[in-house]
Amino acid sequence: MIPQEFNYSRPGTVQEAVDLLADHDAKVLAGGMSLIPLMKLRLSAPEHVVDLGRIPDLSRITENEGSLHLGALLTHHQVATSALVQEKCPLIAETAAHIGDAQVRNMGTLGGSAAHADPAADYPAALCALEAKVRLVRKDSERVVDIGDFFVDALTTAVEPEEIITELILPVEEAGTGVSYQKLRQPASGFAIVGVAARIRRDGGRIAMARVGVTGLAASAYRAAGVEALLEGSEGSQADVAGASAAVDEGIEAISDLHASSDYRRHVARVYTARAILAAL
Amino acid sequence: MPKPKEPEAKGALEVSRRGFLTGAGAVISSSLVAGTEALRAAPDSAESAVAGPGKVDIALTVNGAEKTLALEPRVTLLDALRFELELTGAKKVCDRGTCGACTVTVDGKPAYACSVLAIQVQGKDIRTVEGLAQGDRLHPIQQAFVDNDAQQCGYCTPGFVMACKAFLDKNPTPTLDQVRTGLGGNLCRCGTYVGVAQAVLQSSESQTGSLVGEGRNHA
């Protein structure tokens with residue numbers, strides 16, 4: 001399989017990249033773990049590819065006023081193994097360590113995964129649970145989008161063709177917050193059949209804050225607001241967790257494919273939601 | 001077209017408000033902390049030149065030797081290795097980044113050669129299975145594959161060997177569980193996983209693990 005022919009540019013700065021996107025009908029290449037196979041299958045046939053792989057500014061990790069800023073071109077391996085990320089935002093590091101395999105983690109990127117928005121990708125569950133913000137830059141302006149407005153549908157996000165993701169902005173986790181990412185893994189690809197990310201903070205014997213993000217169940221990752229509402233204020237007993245987890249697929253149209261039927265996915269989602277919450281407690 | 005300038009590969013910089021946790025040598029100023037202004041550095045038009053769609057000069061460093069090839073930008077590293085450099089160790093099997101038969105190392109890390117463009121990896125240190133043996137002497141990992149009968153049809157073997165090499169370079173004394181997880185990117189249709197895991201343990205510094213007594217279908 002050979003991609004359709006294309007022009008190729010490799011900008012050295014963000015400004016050069018967005019200038020190219022403003023002037024050409026181009027597709028952005030990050031780690032290539034999704035785009036290059038899609039181009040070989042001719043499901044994607046861009047006339048111009050803008051490779052962000054040599055923009056050092058996009059691989060920064062910075063902490064600023066209670067937020068952790070992760071550059072979009074950080075590989076999954078870099079996110080998983082960064083001591084700063086592990087300390088300040090352990091959920092995203094744990095999730096990154098569960099993605100695919102070593103080969104994918106060495107090439108695939110945080111921003112690339114977010115922009116591709118595969119319904120079975122791991123990061124989106126954590127990004128939803130973290131209430132991440134996404135910085136999008138275009139030639140003459142930039143904007144910051146809440147994650148709830150970012151994932152629109154399967155393989156569809158709020159990113160416009162002329163924009164690139166420069167960074168994801170995550171909260172620095174407060175002391176006392178437990179986190180966990182639990183997934184049922186498709187053995188060959190490592191994708192999540194269902195993956196659930198949980199952040200739980202207790203205060204005086206009760207759950208003060210619960211955030212639950214789910215991937216693999218619906219066309220897009222989402223925050224399970226029903227689960228969160230049932231958990232908050234509860235004591236977090238086994239029964240509380242079981243009751244809350246049953247709400248994970250409320251109002252959700254579950255997807256079905258050769259790996260798992262929609263009914264099976266719903267069941268797995270409830271089980272893995274409970275596991276993630278209990279592990280985070 | 002002019003040969004593109006190769007910027008030095010840079011690792012992730014990590015900056016915290018208390019100081020600097022990793023990333024050697026650089027001086028960090030407050031302007032580095034977040035802020036998109038820093039990202040909008042002065043453009044360097046030479047770097048954003050458009051190449052292709054026809055052939056362009058692409059310089060690859062493979063097994064320590066630099067080769068300049070005339071390739072279209074759409075050519076993958078795997079096709080460049082197999083069809084241009086006649087390094088046919090890395091295999092094209094699934095061709096979509098799942099099976100691992102095309103695994104090579106790029107700057108010491110395992111990568112799927114089928115899912116990276118040759119033009120993306122200019123200036124990086126690319127190693128293939130052909131670069132492991134010294135003359136007639138097999139690399140210890142290759143020898144361990146022979147000793148442990150770690151192949152049947154052999155088609156996945158070169159990719160497995162490179163994945164094992166990269167894994168052991170990073171984890172010199174792995175446990176069996178770490179071996180199984182660490183090599184999760186490589187599939188063997190013949191089911192030789194037990195032999196492969198045994199070969200990795202034999203090659204490892206620990207040489208403590210043993211699969212003797214385990215059923216062959218438990219890998």
# chains A, B, ... in the order shown; residues from 1 in each chain; ligands from 1

$ interface_residues --of "chain A" --to "chain B" --cutoff "6 Å" --atoms "only C-alpha atoms" --output "NGL selection string"
:A and (5-12 or 14-16 or 36-37 or 57 or 59-63 or 101 or 103 or 189)

$ select_by_dssp --residues "range 14-219 of chain A" --states "alpha helix (DSSP H)" --output "mmCIF file with C-alpha atoms, in the first residue's frame"
data_model
loop_
_atom_site.group_PDB
_atom_site.id
_atom_site.type_symbol
_atom_site.label_atom_id
_atom_site.label_comp_id
_atom_site.auth_asym_id
_atom_site.auth_seq_id
_atom_site.Cartn_x
_atom_site.Cartn_y
_atom_site.Cartn_z
ATOM 1 C CA VAL A 14 4.739 26.950 14.972
ATOM 2 C CA GLN A 15 4.447 30.179 12.976
ATOM 3 C CA GLU A 16 5.857 28.532 9.866
ATOM 4 C CA ALA A 17 3.479 25.614 10.328
ATOM 5 C CA VAL A 18 0.351 27.757 10.579
ATOM 6 C CA ASP A 19 1.520 29.930 7.667
ATOM 7 C CA LEU A 20 1.760 26.770 5.562
ATOM 8 C CA LEU A 21 -1.702 25.654 6.676
ATOM 9 C CA ALA A 22 -3.134 29.061 5.785
ATOM 10 C CA ASP A 23 -1.637 28.926 2.293
ATOM 11 C CA LEU A 35 -2.405 9.220 9.555
ATOM 12 C CA ILE A 36 0.175 7.188 7.644
ATOM 13 C CA PRO A 37 -1.805 3.918 7.727
ATOM 14 C CA LEU A 38 -4.918 5.891 6.697
ATOM 15 C CA MET A 39 -2.992 7.462 3.814
ATOM 16 C CA LYS A 40 -1.747 4.048 2.718
ATOM 17 C CA HIS A 76 3.222 8.760 24.644
ATOM 18 C CA HIS A 77 6.535 7.450 25.970
ATOM 19 C CA GLN A 78 7.614 10.938 27.016
ATOM 20 C CA VAL A 79 4.310 11.607 28.773
ATOM 21 C CA ALA A 80 4.373 8.212 30.493
ATOM 22 C CA THR A 81 7.936 8.507 31.771
ATOM 23 C CA ALA A 83 8.887 12.548 36.388
ATOM 24 C CA LEU A 84 7.159 15.947 36.364
ATOM 25 C CA VAL A 85 4.019 14.595 34.678
ATOM 26 C CA GLN A 86 3.944 11.559 36.963
ATOM 27 C CA GLU A 87 4.077 13.854 39.979
ATOM 28 C CA LYS A 88 1.756 16.646 38.853
ATOM 29 C CA PRO A 90 -0.442 11.092 37.296
ATOM 30 C CA LEU A 91 -3.616 10.169 35.408
ATOM 31 C CA ILE A 92 -2.281 11.301 32.030
ATOM 32 C CA ALA A 93 1.058 9.533 32.648
ATOM 33 C CA GLU A 94 -0.708 6.302 33.649
ATOM 34 C CA THR A 95 -2.962 6.484 30.609
ATOM 35 C CA ALA A 96 -0.030 7.108 28.256
ATOM 36 C CA ALA A 97 1.708 4.001 29.596
ATOM 37 C CA ALA A 102 6.432 0.324 22.619
ATOM 38 C CA GLN A 103 6.646 1.070 18.900
ATOM 39 C CA VAL A 104 3.455 3.161 18.996
ATOM 40 C CA ARG A 105 4.415 4.938 22.227
ATOM 41 C CA ASN A 106 7.754 5.993 20.739
ATOM 42 C CA MET A 107 6.199 7.655 17.682
ATOM 43 C CA LEU A 110 -0.510 13.422 22.584
ATOM 44 C CA GLY A 111 -1.767 16.075 20.169
ATOM 45 C CA GLY A 112 -1.956 13.625 17.296
ATOM 46 C CA SER A 113 -4.087 11.219 19.287
ATOM 47 C CA ALA A 114 -6.388 14.027 20.413
ATOM 48 C CA ALA A 115 -6.734 15.395 16.872
ATOM 49 C CA HIS A 116 -7.412 11.961 15.377
ATOM 50 C CA TYR A 123 -6.080 9.563 25.962
ATOM 51 C CA PRO A 124 -9.586 10.970 25.419
ATOM 52 C CA ALA A 125 -10.922 9.234 28.544
ATOM 53 C CA ALA A 126 -8.235 10.848 30.689
ATOM 54 C CA LEU A 127 -8.589 14.227 28.957
ATOM 55 C CA CYS A 128 -12.325 14.217 29.712
ATOM 56 C CA ALA A 129 -11.802 13.224 33.352
ATOM 57 C CA ILE A 147 -12.412 19.233 26.096
ATOM 58 C CA GLY A 148 -16.200 18.924 26.307
ATOM 59 C CA ASP A 149 -16.442 21.018 23.131
ATOM 60 C CA PHE A 150 -13.410 19.434 21.489
#

$ closest_residue --among "B:Thr173, B:Asn148, B:Asn63, B:Thr88" --to "Val196 in chain B" --atoms "only C-alpha atoms"
B:Asn148

$ closest_residue --among "B:Cys102, B:Arg180, B:Thr61, B:Pro140" --to "Arg127 in chain B" --atoms "only C-alpha atoms"
B:Thr61

$ select_by_dssp --residues "range 187-268 of chain A" --states "strand (DSSP E or B)" --output "list in words"
Ala192, Ile193, Val194, Gly195, Val196, Ala197, Ala198, Arg199, Ile200, Arg201, Arg202, Asp203, Arg206, Ile207, Ala208, Met209, Ala210, Arg211, Val212, Gly213, Val214, Thr215, Tyr222 and Arg223 of chain A

$ atom_distance --atom1 "CA of Arg266 in chain A" --atom2 "CA of Gly233 in chain A"
25.3 Å

$ residues_around --residues "Ala197 in chain B" --least-positions-apart "4" --cutoff "8 Å" --atoms "only C-alpha atoms" --output "VMD selection string"
chain B and resid 176 179 to 180 193 201
